[in-house]
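First up is the structure itself, then whatever we jot down about it.
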Amino acid sequence: MKPEKTINENISAVWEILSKHNTPPSACVHSYGCQLNVSDGEKIKDMLLKMGFTLTENYEKADMVIFNTCAVRENAEDRVFGNLGILKRCKEEKPHMIIGICGCMASLEHVTDRINSSYKFVDIVFAPSALDKLPAIVLEKLSGKKRILCPDQYKNGEKIPVWELEQKRDSSFKASVPVMFGCNNFCTYCIVPYVRGRERSRKPENIVNEVKKLVSDGYKEIMLLGQNVNSYGSDLEENIDFPELLERINAIDGDFVIRFMSSHPKDAGRKLIDTIIKCEKIGKHLHLPVQSGSDEILCKMNRRYTIKKYLETIDYARSFIPDFSFTTDIIVGFPNESREDFELTLKLMKQVKYDNIYSFIYSKRSGTKAAEMTDCISDDEKSRRMTELLSLQREISTENYKRFIGRTMRVLVDGKSKKDGFMTGKSSEFVIVEFEGSESLTGSFVNVEITEAKNWAVVGKIKKEI
Ligand code: 5AD
Ligand code: SF4
C-alpha cells in the first residue's frame with residue numbers, strides 16, 4: 001500500500017495545479033457558532049492560502065465556498081440549509097463552483113444523509129477531526145472526483161494533531177488560541193461531546209510558544225479556548241492544570257491581556273480565582289455558564305454542581321474584588337422547566353448581578369439524553385420567559401454599569417462604533433466601552449474615564465496619558 005502523502009505534499013500538489021491558472025481561484029470560508037469553530041475556520045483559511053487560493057468574504061462570487069457549521073442549536077442548522085439553497089442558485093450560473101461543508105454538523109449522520117440525498121450539489125463534507133485532510137480532499141476534487149462525502153479514511157483523522165495547524169488570523173491584534181478540544185461532560189442537552197469527541201489538551205510548551213510568537217507579532221489580546229478549559233491537562237503526561245497554564249502565559253513578556261472560555265462551574269474552584277486575581281495580565285472577568293438557577297434542573301442537565309456551590313465561587317472572587325465581573329450562559333425552557341424553576345433563575349441573576357448573559361431557548365438535539373425527556377411547556381411560554389429574562393438583564397446591566405462612572409478603565413480598542421466619531425473597545429472586565437476618538441487607536445490600549453452607563457455598554461472620555 002502506498003504511504004499517505006503528508007499535508008505539505010498535498011498542499012504543494014494543489015498549489016502546482018492552481019499556479020497554472022491565470023488568476024488564482026477565490027475561496028470563501030464562512031464559520032458559524034462558537035469561537036472554537038471560528039478558530040477552525042482560520043486554520044482552513046491558512047491551508048487554502050498555502051494551496052494558492054485567494055480569500056473572499058463574498059460567497060456568491062467565490063470559486064470555492066466552505067461552510068464551517070455549528071450543531072449546538074437547531075436554528076444554526078436551519079441557517080446552513082437555507083444558505084445552501086442560495087449556493088445552489090450560484091452554482092447553476094457557475095458550475096465549476098466547489099461547495100464544502102465541515103464543522104460540527106458534518107459529524108452528524110442525519111445531516112450527512114440529508115446532504116447525500118437532497119443536496120447533491122455539495123461536493124465535499126468533512127468532520128472537524130479531518131481538518132488536516134482538507135488539502136488531500138481538494139486535490140482529489142481538482143483531479144476530477146465528483147463528490148467526497150466523509151469517507152471513512154478521513155473520519156479516522158488526527159494523524160497530524162489538527163490543533164497544531166496554523167491559523168490565518170482575521171484580526172491583527174486579537175488572537176484565539178485553542179488549548180483543548182472536545183468535552184467529557186455530557187450535559188444532557190448538549191451535542192458537543194458527540195460531535196467533537198473526548199477531551200484532548202495541547203502540550204503546554206506548544207501553547208506558550210504560540211502565545212510568545214503572537215505577542216512578538218504585536219497581538220494585544222490572547223483568548224484561550226476550550227469547551228471546558230478547567231479540565232485542561234487531565235489527559236497529559238505532564239502534571240499541569242489550567243491555572244498553572246495561565247501562570248506560564250502570564251509570565252510571557254509584553255503588554256497583552258489574557259482571556260479564556262469556557263469554564264465549567266464544577267471545575268472552576270478557588271485555585272482558578274486565586275490565579276485570576278494574582279496574574280496582572282488576566283482580565284478581571286469570568287464567564288461561568290450556569291444554565292439554570294434551579295438545582296432540580298441542573299441535576300436533570302447533569303451539570304454536577306448546585307447553586308450553593310456556584311455562589312461560593314462567586315462570593316470567593318468578590319471577597320477580593322467586590323465587583324468582580326461575571327457573565328453566564330442560560331438555557332430557557334429545558335424540558336419541563338416549571339415556572340418555579342424559571343423564577344429561581346431570575347433570582348440567581350439578581351443575586352449574582354451578571355454584567356452580561358447569553359441566553360438560549362432550549363433546542364432539542366437528537367442523540368442527547370434530554371431529547372428523550374417529555375416536555376409539556378409550550379413554545380409560546382418559552383418565548384415569554386425569554387423576553388422576561390432579557391428585560392431583567394437589561395435592568396441589571398444598566399444598574400451594574402453605573403459602578404464604573406467616575407472610574408478610569410484601560411480599554412483595548414476594537415474599532416469604530418456605530419455612532420459617528422466614536423470608537424468601541426473592551427475593558428479588563430470585558431465591558432464594552434465607547435468614547436470619542438480616532439480610528440488610528442484601533443488595536444491599542446487607551447485609558448477612558450467613564451461618564452455614563454447604558455444597558456449594554458459604558459461611555460467615557462479618553463485620557464491623554466496612557
Ligand atoms: N439548546 C439550547 N442551548 C444550548 N446550549 C448548548 N446546547 C444547547 C441546546 N441544546 C448553550 C449552552 C452552552 C452554550 C454554548 O450553548 O448555554 O453554554
Ligand atoms: Fe456541552 Fe456541557 Fe461540554 Fe459545555 S460542558 S460543551 S455544555 S457537554
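In the C-alpha cells, chains take the letters A, B, ... in the order shown, each chain's residues start at 1, and ligands count up from 1 in the order shown.
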Give me the chain A side of the contact with ligand 2, cut-off 8 Å, one line per residue showing its nearest atom pair and distance in Å at one decimal, counting only C-alpha atoms and all ligand atoms, sorted by chain and residue number, as a Markdown table.
```
| residue | atom | partner | partner_atom_place_in_ligand_line | distance |
| --- | --- | --- | --- | --- |
| A:Gly182 | CA | ligand 2 | 6 (S) | 7.4 |
| A:Cys183 | CA | ligand 2 | 3 (Fe) | 4.7 |
| A:Asn184 | CA | ligand 2 | 3 (Fe) | 6.4 |
| A:Asn185 | CA | ligand 2 | 8 (S) | 4.8 |
| A:Phe186 | CA | ligand 2 | 8 (S) | 4.2 |
| A:Cys187 | CA | ligand 2 | 8 (S) | 4.2 |
| A:Thr188 | CA | ligand 2 | 8 (S) | 7.2 |
| A:Tyr189 | CA | ligand 2 | 7 (S) | 7.5 |
| A:Cys190 | CA | ligand 2 | 1 (Fe) | 4.5 |
| A:Ile191 | CA | ligand 2 | 1 (Fe) | 6.5 |
| A:Val192 | CA | ligand 2 | 1 (Fe) | 5.1 |
| A:Pro193 | CA | ligand 2 | 8 (S) | 5.8 |
| A:Gln227 | CA | ligand 2 | 6 (S) | 4.9 |
| A:Asn228 | CA | ligand 2 | 5 (S) | 5.7 |
| A:Ser262 | CA | ligand 2 | 4 (Fe) | 7.6 |
| A:His264 | CA | ligand 2 | 5 (S) | 6.0 |
| A:Arg303 | CA | ligand 2 | 2 (Fe) | 7.2 |
```
*Got a sec to check which residues lie within 6 Å of ligand 1, using only C-alpha atoms and all ligand atoms, and send them as an MDAnalysis selection string?*
chainID A and resid 72:73 189:190 289 291 329:331 360:365
*List every residue of region 84-232 of chain A that DSSP, applied to the backbone of this structure, places in strand (DSSP E or B), and write the result as number ranges by chain.*
A: 98-103, 124-125, 148-149, 174-178, 180-181, 200-201, 221-225
How about saving the chosen residues, N, CA and C atoms kept, as a CSV table (one decimal), in the first residue's frame?
```csv
chain,number,residue,atom,x,y,z
A,98,ILE,N,-17.0,24.9,-6.2
A,98,ILE,CA,-16.9,23.8,-5.3
A,98,ILE,C,-17.5,24.2,-4.0
A,99,ILE,N,-18.4,23.3,-3.5
A,99,ILE,CA,-19.1,23.6,-2.2
A,99,ILE,C,-18.8,22.6,-1.2
A,100,GLY,N,-18.3,23.1,0.0
A,100,GLY,CA,-17.9,22.2,1.0
A,100,GLY,C,-18.6,22.5,2.3
A,101,ILE,N,-18.9,21.4,3.1
A,101,ILE,CA,-19.5,21.5,4.4
A,101,ILE,C,-18.5,20.8,5.4
A,102,CYS,N,-18.2,21.6,6.5
A,102,CYS,CA,-17.4,20.9,7.5
A,102,CYS,C,-17.9,21.4,8.9
A,103,GLY,N,-17.2,21.2,10.0
A,103,GLY,CA,-17.7,21.7,11.3
A,103,GLY,C,-18.6,20.6,11.9
A,124,ILE,N,-18.0,18.5,-1.1
A,124,ILE,CA,-17.2,17.8,-0.1
A,124,ILE,C,-17.8,18.0,1.3
A,125,VAL,N,-17.7,17.0,2.1
A,125,VAL,CA,-18.1,17.0,3.5
A,125,VAL,C,-17.0,16.4,4.4
A,148,ILE,N,-16.9,14.0,-2.4
A,148,ILE,CA,-16.1,13.4,-1.4
A,148,ILE,C,-16.9,13.6,-0.1
A,149,LEU,N,-17.6,12.6,0.3
A,149,LEU,CA,-18.5,12.8,1.5
A,149,LEU,C,-18.0,11.9,2.7
A,174,LYS,N,-6.1,40.7,18.0
A,174,LYS,CA,-6.8,39.8,18.9
A,174,LYS,C,-6.6,38.4,18.4
A,175,ALA,N,-6.1,37.5,19.2
A,175,ALA,CA,-5.9,36.1,18.7
A,175,ALA,C,-6.5,35.1,19.6
A,176,SER,N,-7.2,34.1,19.0
A,176,SER,CA,-7.7,33.0,19.8
A,176,SER,C,-6.7,31.8,19.7
A,177,VAL,N,-6.5,31.2,20.8
A,177,VAL,CA,-5.5,30.1,20.9
A,177,VAL,C,-6.2,28.9,21.6
A,178,PRO,N,-6.6,27.9,20.8
A,178,PRO,CA,-7.2,26.7,21.4
A,178,PRO,C,-6.2,26.0,22.3
A,180,MET,N,-7.5,23.2,24.3
A,180,MET,CA,-8.0,21.8,24.4
A,180,MET,C,-9.2,21.7,23.5
A,181,PHE,N,-9.5,20.5,23.2
A,181,PHE,CA,-10.6,20.1,22.3
A,181,PHE,C,-11.5,19.1,22.9
A,200,ARG,N,-9.0,16.5,24.7
A,200,ARG,CA,-7.6,16.4,24.3
A,200,ARG,C,-7.0,17.7,24.6
A,201,SER,N,-5.9,17.7,25.4
A,201,SER,CA,-5.2,19.0,25.7
A,201,SER,C,-4.0,19.2,24.8
A,221,GLU,N,-4.5,40.9,22.6
A,221,GLU,CA,-5.5,40.0,23.4
A,221,GLU,C,-5.3,38.6,23.0
A,222,ILE,N,-5.1,37.7,24.0
A,222,ILE,CA,-5.0,36.3,23.7
A,222,ILE,C,-6.2,35.6,24.4
A,223,MET,N,-7.0,35.0,23.6
A,223,MET,CA,-8.2,34.3,24.1
A,223,MET,C,-7.9,32.8,24.1
A,224,LEU,N,-7.8,32.2,25.2
A,224,LEU,CA,-7.5,30.8,25.3
A,224,LEU,C,-8.9,30.1,25.2
A,225,LEU,N,-9.0,29.1,24.3
A,225,LEU,CA,-10.3,28.5,24.1
A,225,LEU,C,-10.3,27.0,24.4
```
_I'd like the neighbourhood of region 377-394 of chain A as a VMD selection string, where a residue qualifies if any of its atoms comes within 10 Å (using only C-alpha atoms), though same-chain residues fewer than 5 positions away should be ignored._
chain A and resid 330 to 339 342 to 343 345 to 346 349 to 350 353 to 362 399 to 400 454 to 456
*Find the residues near region 233-249 of chain A: any atom within 9 Å, counting only C-alpha atoms, skip ones fewer than 5 places away on the same chain, and give them as a list in words.*
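Non-adjacent residues within range: Met180, Glu199, Arg200, Ser201, Arg202, Lys203, Pro204, Ile207, Val208, Val211, Lys212, Ile258, Lys271, Leu272, Ile273, Asp274, Thr275, Ile276, Lys278, Cys279, Lys281 and Ile282 of chain A.
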_Within 7 Å of Gly218 (chain A) using only C-alpha atoms, minus same-chain residues under 3 positions, as number ranges by chain_ = A: 173, 214-215
*Quick one: everything within 12 Å of Ala76 (chain A), counting only C-alpha atoms, minus sequence neighbours fewer than 2 positions away in the same chain. Send it as an MDAnalysis selection string.*
chainID A and resid 31:34 67:74 78:83 103:105 363 365
Store the residues picked out above, limited to C-alpha atoms, as an mmCIF file, in the first residue's frame.
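Output (part-v1.cif):
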```cif
data_model
loop_
_atom_site.group_PDB
_atom_site.id
_atom_site.type_symbol
_atom_site.label_atom_id
_atom_site.label_comp_id
_atom_site.auth_asym_id
_atom_site.auth_seq_id
_atom_site.Cartn_x
_atom_site.Cartn_y
_atom_site.Cartn_z
ATOM 1 C CA SER A 31 -17.818 29.952 10.096
ATOM 2 C CA TYR A 32 -20.938 29.629 12.234
ATOM 3 C CA GLY A 33 -21.178 29.232 16.016
ATOM 4 C CA CYS A 34 -18.612 29.392 18.795
ATOM 5 C CA PHE A 67 -19.485 26.413 5.328
ATOM 6 C CA ASN A 68 -17.853 25.616 8.680
ATOM 7 C CA THR A 69 -21.004 24.715 10.578
ATOM 8 C CA CYS A 70 -22.325 24.580 14.168
ATOM 9 C CA ALA A 71 -24.710 21.956 15.566
ATOM 10 C CA VAL A 72 -25.380 23.281 19.069
ATOM 11 C CA ARG A 73 -28.882 24.547 18.302
ATOM 12 C CA GLU A 74 -31.369 23.658 15.598
ATOM 13 C CA ASP A 78 -31.556 25.609 9.601
ATOM 14 C CA ARG A 79 -29.490 28.644 8.616
ATOM 15 C CA VAL A 80 -26.880 26.429 6.935
ATOM 16 C CA PHE A 81 -29.513 24.572 4.899
ATOM 17 C CA GLY A 82 -31.120 27.930 3.981
ATOM 18 C CA ASN A 83 -27.781 29.343 2.790
ATOM 19 C CA GLY A 103 -17.664 21.666 11.283
ATOM 20 C CA CYS A 104 -19.909 20.022 13.874
ATOM 21 C CA MET A 105 -22.886 19.390 11.559
ATOM 22 C CA SER A 363 -33.210 23.297 21.405
ATOM 23 C CA ARG A 365 -30.739 17.771 19.748
#
```
_Given only C-alpha atoms as the basis, pick out the residue of A:Glu210, A:Asp295, A:Asp267, A:Glu452 nearest to Ile252 (chain A)._
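For Ile252 (chain A), the nearest of the given residues is A:Glu210.
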List the neighbours of region 44-53 of chain A out to 8 Å using only C-alpha atoms; skip same-chain residues closer than 6 positions along the sequence, and give me the result as a short mmCIF file (atom, residue, chain, number, x, y, z; two decimals) with N, CA, C and O atoms, in the first residue's frame.
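Generated output (result08.cif):
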```cif
data_model
loop_
_atom_site.label_atom_id
_atom_site.label_comp_id
_atom_site.auth_asym_id
_atom_site.auth_seq_id
_atom_site.Cartn_x
_atom_site.Cartn_y
_atom_site.Cartn_z
N ILE A 11 -0.58 19.99 -0.08
CA ILE A 11 -0.68 21.44 -0.31
C ILE A 11 0.12 21.80 -1.57
O ILE A 11 -0.36 22.51 -2.45
N SER A 12 1.35 21.27 -1.67
CA SER A 12 2.20 21.58 -2.85
C SER A 12 1.55 21.08 -4.13
O SER A 12 1.59 21.75 -5.16
N VAL A 14 -1.64 20.70 -4.78
CA VAL A 14 -2.74 21.60 -5.17
C VAL A 14 -2.16 22.90 -5.73
O VAL A 14 -2.61 23.42 -6.75
N TRP A 15 -1.12 23.39 -5.06
CA TRP A 15 -0.51 24.66 -5.48
C TRP A 15 -0.03 24.55 -6.94
O TRP A 15 -0.21 25.47 -7.72
N LEU A 18 -3.05 24.87 -9.18
CA LEU A 18 -3.64 26.21 -9.20
C LEU A 18 -2.72 27.25 -9.82
O LEU A 18 -3.17 28.24 -10.39
N SER A 19 -1.40 27.03 -9.73
CA SER A 19 -0.47 28.04 -10.26
C SER A 19 -0.54 28.12 -11.79
O SER A 19 -0.04 29.05 -12.39
N PRO A 24 -5.63 33.36 -9.70
CA PRO A 24 -5.87 32.30 -8.72
C PRO A 24 -7.35 32.22 -8.35
O PRO A 24 -8.01 33.28 -8.26
N PRO A 25 -7.90 31.03 -8.14
CA PRO A 25 -9.31 30.93 -7.73
C PRO A 25 -9.51 31.49 -6.33
O PRO A 25 -8.58 31.52 -5.52
N SER A 26 -10.73 31.93 -6.07
CA SER A 26 -11.00 32.52 -4.75
C SER A 26 -11.80 31.53 -3.90
O SER A 26 -12.55 30.70 -4.42
N ALA A 27 -11.60 31.64 -2.59
CA ALA A 27 -12.33 30.77 -1.67
C ALA A 27 -12.97 31.60 -0.57
O ALA A 27 -12.39 32.60 -0.13
N VAL A 29 -14.61 31.15 3.25
CA VAL A 29 -14.86 30.25 4.39
C VAL A 29 -15.79 30.99 5.34
O VAL A 29 -15.47 32.07 5.82
N LEU A 131 -9.84 17.94 9.67
CA LEU A 131 -9.42 19.25 9.14
C LEU A 131 -8.11 19.15 8.36
O LEU A 131 -7.95 19.78 7.31
N LEU A 134 -8.00 18.38 4.54
CA LEU A 134 -8.56 19.28 3.52
C LEU A 134 -7.69 19.34 2.25
O LEU A 134 -8.23 19.21 1.15
N PRO A 135 -6.35 19.51 2.36
CA PRO A 135 -5.56 19.55 1.12
C PRO A 135 -5.72 18.28 0.29
O PRO A 135 -5.83 18.35 -0.94
N GLU A 166 -1.65 25.76 11.67
CA GLU A 166 -1.57 27.22 11.85
C GLU A 166 -2.89 27.89 11.50
O GLU A 166 -3.73 27.30 10.81
N GLN A 167 -3.08 29.12 11.98
CA GLN A 167 -4.32 29.86 11.70
C GLN A 167 -4.01 31.12 10.89
O GLN A 167 -3.01 31.79 11.18
N LYS A 168 -4.85 31.41 9.90
CA LYS A 168 -4.75 32.71 9.20
C LYS A 168 -5.66 33.66 9.98
O LYS A 168 -6.87 33.59 9.89
#
```
_Please determine, counting only C-alpha atoms, which residue among A:Lys461, A:Lys145, A:Lys91, A:Arg196 has the shortest atom-to-atom distance to Arg407 (chain A)._
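Comparing A:Lys461, A:Lys145, A:Lys91, A:Arg196 against Arg407 (chain A), the winner is A:Lys461.
Nearest residue to Leu142 (chain A) among A:Lys120, A:His96, A:Ala106, A:Val458 is A:His96, counting only C-alpha atoms.
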_When DSSP is applied to the backbone of this structure, which of region 184-320 of chain A are assigned helix (DSSP H, G or I)? Write them out as a ChimeraX atom specification._
/A:192-196,204-216,229-231,242-250,270-278,295-300,307-320
_Pairwise distance for CA of Gly254 (chain A) and CA of Glu164 (chain A), rounded to one decimal in Å_ = 23.5 Å
*Could you please determine the separation between CA of Lys309 (chain A) and CA of Pro265 (chain A) in Å, to one decimal place?*
8.5 Å
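Separating CA of Met409 (chain A) from CA of Ser428 (chain A) is a distance of 7.7 Å.
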*asked:* I need the residue nearest Ile7 (chain A) from this list: A:Asp132, A:Glu434, A:Asp253, A:Glu372. Use only C-alpha atoms for the distance.
replied: A:Asp132
